[in-house]
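As stored in query.txt (compact mmCIF, C-alpha atoms and all ligand atoms):
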```
# COMPACT_ATOMS: atom_id res chain seq x y z
CA MET P 1 110.92 115.38 113.05
CA SER P 2 107.90 116.04 115.32
CA ASP P 3 106.38 113.17 117.25
CA PRO P 4 104.53 111.10 114.60
CA LEU P 5 101.61 110.36 116.94
CA GLU P 6 101.09 114.06 117.68
CA VAL P 7 101.08 114.82 113.95
CA PHE P 8 98.71 111.93 113.24
CA VAL P 9 96.26 113.03 115.93
CA ARG P 10 96.47 116.65 114.80
CA LEU P 11 95.89 115.75 111.15
CA THR P 12 92.97 113.42 111.79
CA GLY P 13 91.50 115.24 114.76
CA ALA P 14 91.35 111.85 116.48
CA SER P 15 91.10 113.34 119.95
CA GLY P 16 88.86 116.19 118.85
CA PRO P 17 85.39 117.11 120.15
CA CYS P 18 83.80 113.82 119.01
CA ALA P 19 86.02 111.85 121.36
CA GLY P 20 84.04 113.36 124.21
CA TRP P 21 81.05 111.31 123.09
CA MET P 22 82.90 108.07 123.43
CA PRO P 23 81.62 107.11 126.91
CA THR P 24 78.05 107.36 125.56
CA TYR P 25 78.85 105.14 122.58
CA ALA P 26 80.72 102.83 124.89
CA GLN P 27 77.55 102.37 126.93
CA TRP P 28 75.60 101.55 123.81
CA LEU P 29 78.24 99.17 122.52
CA ALA P 30 79.16 97.53 125.84
CA PRO P 31 76.56 94.75 125.59
CA HIS P 32 77.95 93.87 122.14
CA VAL P 33 81.60 93.59 123.18
CA PRO P 34 81.63 89.84 123.91
CA GLU P 35 79.79 89.12 120.67
CA ILE P 36 82.14 91.33 118.65
CA THR P 37 85.06 89.46 120.16
CA ASP P 38 83.48 86.06 119.43
CA ARG P 39 82.84 86.98 115.80
CA PHE P 40 86.34 88.43 115.51
CA TYR P 41 87.96 85.16 116.61
CA GLU P 42 85.54 83.09 114.54
CA ARG P 43 86.86 84.89 111.48
CA LEU P 44 90.47 84.48 112.50
CA LEU P 45 89.95 80.80 113.32
CA ALA P 46 88.32 80.20 109.94
CA GLU P 47 91.58 81.05 108.18
CA PRO P 48 94.12 78.23 108.50
CA GLU P 49 97.13 80.53 108.78
CA THR P 50 95.72 82.67 111.58
CA SER P 51 94.05 79.72 113.26
CA GLN P 52 97.42 78.01 113.55
CA ILE P 53 98.75 80.97 115.57
CA LEU P 54 95.71 81.22 117.81
CA ASN P 55 95.11 77.57 118.57
CA GLY P 56 95.25 76.70 122.23
CA ARG P 57 95.04 80.26 123.48
CA VAL P 58 91.78 81.57 122.10
CA ASP P 59 90.05 81.86 125.49
CA ALA P 60 92.89 83.88 126.98
CA LEU P 61 93.08 86.07 123.89
CA LYS P 62 89.33 86.66 123.94
CA ALA P 63 89.56 87.95 127.50
CA THR P 64 92.44 90.25 126.47
CA HIS P 65 90.52 91.41 123.44
CA ASN P 66 87.39 92.20 125.48
CA ALA P 67 89.52 94.27 127.85
CA TRP P 68 91.12 96.06 124.91
CA LEU P 69 87.73 96.90 123.39
CA ARG P 70 86.51 98.31 126.73
CA ASP P 71 89.66 100.39 126.96
CA LEU P 72 89.08 101.59 123.39
CA LEU P 73 85.56 102.65 124.25
CA GLY P 74 86.51 104.01 127.66
CA GLY P 75 86.84 107.65 126.60
CA HIS P 76 90.27 108.26 128.17
CA TYR P 77 92.67 108.94 125.35
CA ASP P 78 95.68 110.14 127.23
CA ASP P 79 99.37 109.34 126.81
CA ALA P 80 98.93 106.14 128.80
CA PHE P 81 96.25 104.94 126.37
CA TYR P 82 98.51 105.51 123.38
CA ALA P 83 101.45 103.92 125.18
CA ARG P 84 99.30 100.81 125.70
CA GLN P 85 98.60 100.63 121.96
CA LYS P 86 102.30 100.93 121.19
CA GLN P 87 102.97 98.12 123.62
CA ILE P 88 100.32 95.95 121.94
CA GLY P 89 102.16 96.55 118.67
CA LYS P 90 105.41 95.41 120.24
CA THR P 91 103.73 92.31 121.67
CA HIS P 92 102.53 91.32 118.19
CA VAL P 93 105.96 91.98 116.73
CA ILE P 94 107.58 89.77 119.38
CA ALA P 95 104.92 87.10 118.82
CA LYS P 96 105.85 87.30 115.10
CA ILE P 97 102.27 87.94 113.96
CA PRO P 98 102.60 88.93 110.28
CA PRO P 99 101.46 92.56 109.76
CA LEU P 100 99.12 91.35 107.03
CA PHE P 101 97.01 89.60 109.69
CA VAL P 102 96.91 92.67 111.88
CA ALA P 103 95.78 94.85 108.96
CA ALA P 104 93.11 92.33 107.95
CA SER P 105 91.89 91.92 111.51
CA PHE P 106 91.53 95.67 111.94
CA SER P 107 89.34 95.64 108.87
CA ILE P 108 87.24 92.81 110.34
CA LEU P 109 86.98 94.70 113.60
CA ARG P 110 85.84 97.92 111.94
CA ALA P 111 83.06 96.09 110.12
CA LEU P 112 81.92 94.30 113.28
CA ILE P 113 81.93 97.44 115.43
CA PHE P 114 80.21 99.67 112.89
CA GLN P 115 77.50 97.10 112.15
CA ARG P 116 76.52 96.97 115.81
CA LEU P 117 76.83 100.69 116.26
CA GLN P 118 74.60 101.32 113.28
CA SER P 119 71.83 99.13 114.69
CA GLU P 120 72.14 100.82 118.09
CA LEU P 121 71.87 104.26 116.49
CA GLU P 122 68.86 103.25 114.45
CA SER P 123 67.05 101.79 117.43
CA ARG P 124 67.73 104.93 119.46
CA GLU P 125 66.80 107.25 116.59
CA VAL P 126 69.96 109.30 117.08
CA GLU P 127 71.47 108.81 113.67
CA ASP P 128 72.65 112.43 113.34
CA GLN P 129 74.68 112.21 116.48
CA GLY P 130 75.67 108.77 115.39
CA HIS P 131 77.56 110.01 112.38
CA LYS P 132 79.83 111.98 114.68
CA CYS P 133 80.26 108.92 116.78
CA THR P 134 81.16 106.72 113.84
CA ARG P 135 83.74 109.20 112.66
CA ALA P 136 85.33 109.54 116.10
CA LEU P 137 85.49 105.80 116.57
CA GLY P 138 86.91 105.35 113.08
CA ARG P 139 89.70 107.81 113.77
CA LEU P 140 90.44 106.15 117.05
CA LEU P 141 90.77 102.75 115.41
CA ASP P 142 92.99 104.29 112.74
CA THR P 143 95.21 105.73 115.47
CA CYS P 144 95.51 102.36 117.22
CA GLN P 145 96.35 100.68 113.93
CA PHE P 146 98.89 103.39 113.13
CA LEU P 147 100.65 102.81 116.46
CA ILE P 148 100.71 99.04 115.96
CA ASP P 149 102.03 99.51 112.40
CA GLN P 150 104.74 101.78 113.77
CA ALA P 151 105.93 99.01 116.05
CA TYR P 152 106.38 96.78 112.99
CA GLU P 153 108.19 99.50 111.06
CA GLU P 154 110.42 100.21 114.04
CA ASP P 155 111.24 96.52 114.37
CA ARG P 156 112.16 96.17 110.68
CA MET P 157 114.44 99.19 110.84
CA GLU P 158 116.10 97.94 114.01
CA ARG P 159 116.68 94.51 112.50
CA LEU P 160 118.12 95.99 109.32
CA SER P 161 120.35 98.29 111.35
CA SER P 162 121.68 95.55 113.58
CA ALA P 163 122.20 93.05 110.72
CA SER P 164 123.99 95.53 108.47
CA GLY P 165 125.74 97.75 111.00
CA LEU P 166 124.21 100.79 109.24
CA SER P 167 123.15 103.41 111.80
CA ARG P 168 119.50 104.44 111.95
CA PRO P 169 120.21 107.98 110.68
CA LEU P 170 122.20 106.49 107.78
CA LEU P 171 119.32 104.15 106.94
CA GLU P 172 116.93 107.11 107.01
CA ASN P 173 119.31 108.99 104.69
CA LEU P 174 119.42 106.07 102.26
CA ILE P 175 115.63 105.75 102.30
CA SER P 176 115.16 109.43 101.56
CA LEU P 177 117.62 109.57 98.66
CA ARG P 178 115.98 110.88 95.54
CA GLN P 179 114.84 108.09 93.19
CA ARG P 180 116.55 108.02 89.82
CA MET I 1 138.25 126.64 111.74
CA ARG I 2 137.64 122.88 111.79
CA GLU I 3 136.39 123.03 108.18
CA GLN I 4 139.62 124.79 107.17
CA VAL I 5 141.77 122.13 108.83
CA LEU I 6 139.80 119.32 107.23
CA GLY I 7 139.84 121.09 103.87
CA SER I 8 143.60 121.48 104.01
CA ILE I 9 144.09 117.81 104.92
CA LEU I 10 142.09 116.86 101.82
CA ASP I 11 144.03 119.35 99.65
CA GLU I 12 147.29 117.88 100.87
CA LEU I 13 146.05 114.34 100.24
CA ASP I 14 144.82 115.19 96.74
CA GLY I 15 148.17 116.81 95.97
CA SER I 16 150.26 113.98 97.41
CA ALA I 17 149.75 111.61 94.49
CA ALA I 18 148.73 112.29 90.93
CA ASP I 19 146.64 109.14 91.05
CA ILE I 20 144.22 110.59 93.60
CA GLY I 21 141.37 112.30 91.80
CA ALA I 22 139.43 113.62 94.78
CA SER I 23 138.58 112.86 98.37
CA ALA I 24 135.89 113.48 100.96
CA ILE I 25 135.26 113.17 104.66
CA ILE I 26 131.87 111.74 105.49
CA SER I 27 130.16 111.18 108.81
CA LEU I 28 129.08 107.63 109.59
CA ASP I 29 125.49 108.86 109.27
CA GLY I 30 126.26 109.65 105.63
CA LEU I 31 126.67 113.43 105.69
CA ALA I 32 129.56 115.04 103.81
CA VAL I 33 131.75 117.00 106.24
CA ALA I 34 134.35 118.17 103.71
CA SER I 35 134.85 117.26 100.08
CA SER I 36 136.90 117.92 96.98
CA LEU I 37 134.63 115.75 94.84
CA ALA I 38 133.25 117.22 91.64
CA GLN I 39 130.30 119.58 92.15
CA ASP I 40 128.16 117.62 89.73
CA MET I 41 128.16 114.52 91.94
CA ASP I 42 124.96 114.07 93.96
CA GLY I 43 126.07 115.19 97.43
CA ASP I 44 123.51 113.07 99.28
CA ARG I 45 124.52 109.90 97.47
CA VAL I 46 128.23 110.64 97.75
CA GLY I 47 127.68 110.84 101.50
CA ALA I 48 125.35 107.92 102.04
CA MET I 49 127.03 105.30 99.84
CA PRO I 50 130.54 105.31 101.33
CA ALA I 51 129.15 105.38 104.87
CA ALA I 52 126.95 102.39 104.04
CA MET I 53 129.79 100.52 102.31
CA LEU I 54 132.12 101.03 105.23
CA SER I 55 129.53 99.85 107.75
CA LEU I 56 128.80 96.78 105.64
CA GLY I 57 132.53 96.14 105.23
CA ASP I 58 132.94 96.36 108.98
CA ARG I 59 130.14 93.87 109.55
CA THR I 60 131.38 91.52 106.79
CA ALA I 61 134.94 91.50 108.16
CA ALA I 62 133.57 90.68 111.61
CA GLU I 63 131.17 87.97 110.37
CA LEU I 64 133.95 86.31 108.37
CA SER I 65 136.43 86.57 111.24
CA ARG I 66 138.74 89.01 109.45
CA GLY I 67 139.28 91.20 112.49
CA THR I 68 139.02 94.97 112.61
CA LEU I 69 138.25 96.55 109.25
CA GLU I 70 141.17 98.46 107.71
CA GLN I 71 139.70 99.60 104.44
CA VAL I 72 137.11 98.93 101.77
CA MET I 73 138.31 99.05 98.18
CA ILE I 74 135.95 99.19 95.25
CA LYS I 75 137.32 98.70 91.74
CA GLY I 76 135.38 99.98 88.78
CA GLU I 77 136.19 100.24 85.07
CA SER I 78 137.48 103.77 85.55
CA GLY I 79 139.33 103.40 88.79
CA TYR I 80 139.09 102.86 92.50
CA VAL I 81 137.13 104.08 95.47
CA ILE I 82 138.95 103.58 98.76
CA LEU I 83 137.19 103.96 102.07
CA ILE I 84 138.89 104.01 105.44
CA TYR I 85 137.85 105.04 108.92
CA ALA I 86 138.98 108.47 110.03
CA GLY I 87 138.47 108.00 113.75
CA LYS I 88 135.34 106.27 115.01
CA ASP I 89 132.81 108.65 113.49
CA ALA I 90 133.95 109.44 109.96
CA VAL I 91 134.90 107.83 106.65
CA LEU I 92 137.67 109.08 104.43
CA THR I 93 136.68 108.46 100.81
CA ILE I 94 139.31 108.57 98.10
CA ILE I 95 138.75 108.36 94.37
CA ALA I 96 141.79 107.09 92.44
CA ARG I 97 142.65 106.51 88.79
CA LYS I 98 142.67 102.96 87.46
CA GLU I 99 146.46 103.02 87.02
CA ALA I 100 146.96 104.10 90.64
CA LYS I 101 149.69 102.60 92.79
CA LEU I 102 147.56 101.53 95.68
CA GLY I 103 150.36 100.97 98.20
CA LEU I 104 151.29 104.65 98.12
CA ILE I 105 147.68 105.75 98.28
CA PHE I 106 147.00 103.58 101.34
CA LEU I 107 149.99 105.11 103.06
CA ASP I 108 148.85 108.68 102.34
CA ALA I 109 145.28 107.77 103.21
CA SER I 110 146.12 106.40 106.62
CA ARG I 111 148.23 109.47 107.42
CA ALA I 112 145.36 111.74 106.36
CA ALA I 113 142.85 109.65 108.32
CA LYS I 114 144.88 110.13 111.51
CA GLY I 115 144.94 113.88 110.93
CA ILE I 116 141.20 113.96 110.31
CA ALA I 117 140.47 111.90 113.44
CA ALA I 118 142.51 114.35 115.49
CA ALA I 119 140.75 117.35 113.97
CA LEU I 120 137.19 116.04 114.40
C1 LIG Y 201 92.61 94.34 115.62
C2 LIG Y 201 93.67 93.61 115.76
C3 LIG Y 201 94.20 93.09 117.06
C4 LIG Y 201 94.10 93.61 118.31
C5 LIG Y 201 93.43 94.91 118.71
C6 LIG Y 201 94.78 92.71 119.21
C7 LIG Y 201 94.89 92.91 120.56
C8 LIG Y 201 95.73 92.19 121.39
C9 LIG Y 201 96.06 92.53 122.73
C10 LIG Y 201 95.49 93.71 123.51
C11 LIG Y 201 96.96 91.61 123.17
C12 LIG Y 201 97.64 91.60 124.55
C13 LIG Y 201 98.89 92.46 124.41
C14 LIG Y 201 99.83 92.47 125.58
O1 LIG Y 201 99.71 91.63 126.47
O2 LIG Y 201 100.72 93.34 125.56
C15 LIG Y 201 97.19 90.69 122.12
C16 LIG Y 201 98.03 89.60 122.20
C17 LIG Y 201 98.14 88.66 121.21
N1 LIG Y 201 97.58 88.71 119.96
FE1 LIG Y 201 96.44 90.16 119.23
N2 LIG Y 201 95.29 91.66 118.48
C18 LIG Y 201 94.94 91.84 117.18
C19 LIG Y 201 95.23 91.00 116.13
C20 LIG Y 201 95.83 89.78 116.27
C21 LIG Y 201 95.99 88.81 115.21
C22 LIG Y 201 95.53 88.99 113.77
C23 LIG Y 201 96.65 87.74 115.75
C24 LIG Y 201 97.09 86.46 115.11
C25 LIG Y 201 96.57 85.92 114.04
C26 LIG Y 201 96.90 88.04 117.14
C27 LIG Y 201 97.54 87.21 118.01
C28 LIG Y 201 97.90 87.56 119.29
C29 LIG Y 201 98.73 86.72 120.14
C30 LIG Y 201 99.30 85.36 119.78
C31 LIG Y 201 98.89 87.42 121.34
C32 LIG Y 201 99.65 86.97 122.57
C33 LIG Y 201 101.09 87.35 122.43
C34 LIG Y 201 101.90 86.88 123.63
O3 LIG Y 201 101.61 87.33 124.74
O4 LIG Y 201 102.80 86.08 123.39
N3 LIG Y 201 96.40 89.28 117.42
N4 LIG Y 201 96.43 91.04 121.04
```

Would you write the structure of this file as structure tokens?
Amino acid sequence: MSDPLEVFVRLTGASGPCAGWMPTYAQWLAPHVPEITDRFYERLLAEPETSQILNGRVDALKATHNAWLRDLLGGHYDDAFYARQKQIGKTHVIAKIPPLFVAASFSILRALIFQRLQSELESREVEDQGHKCTRALGRLLDTCQFLIDQAYEEDRMERLSSASGLSRPLLENLISLRQR
Amino acid sequence: MREQVLGSILDELDGSAADIGASAIISLDGLAVASSLAQDMDGDRVGAMPAAMLSLGDRTAAELSRGTLEQVMIKGESGYVILIYAGKDAVLTIIARKEAKLGLIFLDASRAAKGIAAAL
């Protein structure tokens, strides 16, 4: 099968013309990054189950998260960028962060980012251009989430394979058997 | 050429005992390499299930300290399914009648498995 990331990017157009605008949006959003991160962790700390995981390392994670957001808005979406997202997925898998929390936190993040972007666009009276921007950013977030999800999927398959002794191709065959 | 050799090993096996209904050689990834199983059986399932059973048998034998796996035997209302390794990369699957004399079948199966391993 073709490289799933290539197919994903081709289907969504995630690195299409809009991505070229990203440095501009990044400039607009840059002042909001620390606040987005603060709100993000406020939400995660308000939920007992996520708070339990984060306790004691919030400051370090905030710094990491700020750096990640700047990277996201940096406008350089090359192989190294995608490799970093895959690695972030693996880190969360190793840290045993349930995928449910990752999915929910991406949703929180989208809302936080788009709220701030919207107000920036309104104040600059560039809403037309802004729609392109929102779409490009949305696709980019989807791509990051897809890569993190893939790390979880990969981990589950690897665990199943090593526990059962069933090879990966055999597992894929079993999964793709026609349902009765 | 290889298909012919494998096909003839299965023919010989099927003919060696009246109790053997059919047989198949399956890769450990679950793909049928050669088969005398009925056409109406779902080829994908016939490949994937024995390969999965053998791998699980292997792992179970190891976990329960039973040493190297020799065979997996499944008994159903209508007879047996016997699975044995044919080399490191394939499974020999044999379908036998419920009245089958298993000792003889195991003997024929292990001879056929050696031939298959050499041919693969
Ligand atoms: C939008 C979702 C998220 C993003 C973008 C994100 C981003 C990151 C990044 C960039 C790192 C550093 C990765 C590395 O060093 O390789 C990290 C580490 C970490 N994240 Fe997240 N994260 C997200 C969601 C979560 C959630 C929901 C939790 C837990 C409730 C969480 C807990 C952690 C922990 C505990 C680490 C440190 C792991 C370690 O080094 O042992 N993250 N995260």

Which residues of chain I are close to chain P, meaning at most 8 Å apart when you count only C-alpha atoms, and how do they look as a PyMOL selection string? chain I and resi 28-30+44-45+48+51-52+55-56+58-59

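Between CA of Val58 (chain P) and CA of Leu147 (chain P) the interatomic distance comes to 23.7 Å.
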
Please determine an axis-aligned box that encloses all atoms of region 64-83 of chain I listed in the file, with 5 Å added on each side, and express its centre and edge lengths in Å to one decimal as JSON.
```
{"center_x": 137.6, "center_y": 95.2, "center_z": 98.8, "size_x": 17.2, "size_y": 27.8, "size_z": 37.5}
```

Collect all residues with atoms no farther than 7 Å from ligand LIG 201 (chain Y), counting only C-alpha atoms and all ligand atoms, and output them as a ChimeraX atom specification. /P:44,50-51,53-54,61,64-65,68,87-88,91-92,95,97,101-102,105-106,109

Using Å and a single decimal, report how far CA of Val72 (chain I) sits from CA of Asp42 (chain I).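 Between CA of Asp42 (chain I) and CA of Val72 (chain I) the gap works out to 20.9 Å.
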
Rounded to one decimal in Å, what is the spacing between CA of Cys133 (chain P) and CA of Trp21 (chain P)?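 CA of Trp21 (chain P) lies at a distance of 6.8 Å from CA of Cys133 (chain P).
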
Residues within 10 Å of Asp142 (chain P), only C-alpha atoms, excluding chain neighbours under 3 positions, as a list in words: Phe8, Val9, Thr12, Ala14, Phe106, Arg110, Ala136, Leu137, Gly138, Arg139, Gln145, Phe146, Leu147 and Ile148 of chain P

Distance cut-off 12 Å, centre (139.3, 93.2, 109.6) in file coordinates, counting only C-alpha atoms: which residues qualify? Return them as a list in words.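 In the file's frame, the residues around the point are Leu54, Ser55, Leu56, Gly57, Asp58, Arg59, Thr60, Ala61, Ala62, Glu63, Leu64, Ser65, Arg66, Gly67, Thr68, Leu69, Glu70, Gln71, Val72, Ile84 and Tyr85 of chain I.
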
Considering all atoms listed in the file, return as JSON, numbers by chain whatever protein or nucleic-acid residues lie within 12 Å of region 13-18 of chain I, sequence-local ones (same chain, fewer than 2 positions apart) excluded. {"I": [6, 7, 8, 9, 10, 11, 20, 21, 22, 23, 24, 25, 35, 36, 37, 92, 93, 94, 95, 96, 97, 98, 99, 100, 101, 102, 103, 104, 105, 106, 107, 108, 109, 110, 111, 112, 113, 115, 116]}

Can you tell me, as a compact mmCIF listing (two decimals) with C-alpha atoms, keeping the file's coordinate frame, what residues are no more than 8 Å from Ala26 (chain P) when counting only C-alpha atoms, ignoring any on the same chain fewer than 5 positions away?
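Here's the written file out_21.txt:
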```
# COMPACT_ATOMS: atom_id res chain seq x y z
CA ARG P 70 86.51 98.31 126.73
CA LEU P 73 85.56 102.65 124.25
CA GLY P 74 86.51 104.01 127.66
CA GLY P 75 86.84 107.65 126.60
```

Applying 6 Å and only C-alpha atoms, which residues near Ala151 (chain P) remain after dropping the ones on its own chain fewer than 3 positions away? List them as a list in words.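 Counting only the stated atoms, we get Gly89, Lys90, Ile148 and Glu154 of chain P.
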
Supply region 66-76 of chain I as a short mmCIF file (atom, residue, chain, number, x, y, z; two decimals), in the coordinates of the input, with all heavy atoms built in where the input has gaps.
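This is the output file result_2.cif:
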```cif
data_model
loop_
_atom_site.label_atom_id
_atom_site.label_comp_id
_atom_site.auth_asym_id
_atom_site.auth_seq_id
_atom_site.Cartn_x
_atom_site.Cartn_y
_atom_site.Cartn_z
N ARG I 66 137.56 88.35 110.03
CA ARG I 66 138.74 89.01 109.45
C ARG I 66 139.25 90.15 110.33
O ARG I 66 140.05 90.97 109.89
CB ARG I 66 138.42 89.58 108.04
CG ARG I 66 138.06 88.57 106.95
CD ARG I 66 139.12 87.53 106.72
NE ARG I 66 138.90 86.37 107.57
CZ ARG I 66 139.75 85.34 107.70
NH1 ARG I 66 140.87 85.33 107.02
NH2 ARG I 66 139.47 84.33 108.50
N GLY I 67 138.77 90.20 111.53
CA GLY I 67 139.28 91.20 112.49
C GLY I 67 138.77 92.60 112.18
O GLY I 67 137.83 92.78 111.42
N THR I 68 139.44 93.57 112.77
CA THR I 68 139.02 94.97 112.61
C THR I 68 139.18 95.41 111.16
O THR I 68 140.21 95.12 110.53
CB THR I 68 139.90 95.87 113.52
OG1 THR I 68 139.86 95.32 114.82
CG2 THR I 68 139.40 97.30 113.54
N LEU I 69 138.20 96.11 110.66
CA LEU I 69 138.25 96.55 109.25
C LEU I 69 139.35 97.60 109.07
O LEU I 69 139.48 98.53 109.86
CB LEU I 69 136.91 97.18 108.87
CG LEU I 69 136.82 97.66 107.44
CD1 LEU I 69 136.54 96.50 106.50
CD2 LEU I 69 135.74 98.72 107.29
N GLU I 70 140.15 97.44 108.00
CA GLU I 70 141.17 98.46 107.71
C GLU I 70 140.71 99.37 106.58
O GLU I 70 140.85 100.58 106.67
CB GLU I 70 142.49 97.79 107.35
CG GLU I 70 143.14 97.18 108.58
CD GLU I 70 144.47 96.53 108.28
OE1 GLU I 70 144.99 96.69 107.15
OE2 GLU I 70 144.99 95.86 109.19
N GLN I 71 140.18 98.76 105.54
CA GLN I 71 139.70 99.60 104.44
C GLN I 71 138.73 98.83 103.56
O GLN I 71 138.70 97.60 103.62
CB GLN I 71 140.87 100.08 103.58
CG GLN I 71 141.40 99.06 102.62
CD GLN I 71 142.90 98.85 102.73
OE1 GLN I 71 143.58 99.59 103.44
NE2 GLN I 71 143.43 97.88 102.05
N VAL I 72 137.95 99.55 102.79
CA VAL I 72 137.11 98.93 101.77
C VAL I 72 137.60 99.48 100.44
O VAL I 72 137.81 100.70 100.31
CB VAL I 72 135.62 99.28 101.97
CG1 VAL I 72 134.78 98.80 100.78
CG2 VAL I 72 135.09 98.66 103.25
N MET I 73 137.84 98.59 99.49
CA MET I 73 138.31 99.05 98.18
C MET I 73 137.32 98.59 97.11
O MET I 73 136.96 97.41 97.07
CB MET I 73 139.68 98.46 97.91
CG MET I 73 140.35 99.07 96.72
SD MET I 73 141.85 98.20 96.33
CE MET I 73 141.18 96.77 95.53
N ILE I 74 136.90 99.53 96.31
CA ILE I 74 135.95 99.19 95.25
C ILE I 74 136.67 99.46 93.92
O ILE I 74 137.24 100.55 93.73
CB ILE I 74 134.69 100.06 95.35
CG1 ILE I 74 134.00 99.79 96.69
CG2 ILE I 74 133.74 99.81 94.19
CD1 ILE I 74 133.08 100.88 97.13
N LYS I 75 136.66 98.49 93.03
CA LYS I 75 137.32 98.70 91.74
C LYS I 75 136.28 98.75 90.64
O LYS I 75 135.47 97.82 90.50
CB LYS I 75 138.30 97.56 91.48
CG LYS I 75 139.15 97.79 90.26
CD LYS I 75 140.23 96.76 90.12
CE LYS I 75 141.08 97.11 88.90
NZ LYS I 75 141.47 95.95 88.15
N GLY I 76 136.28 99.85 89.92
CA GLY I 76 135.38 99.98 88.78
C GLY I 76 136.19 100.11 87.50
O GLY I 76 137.43 100.18 87.56
#
```
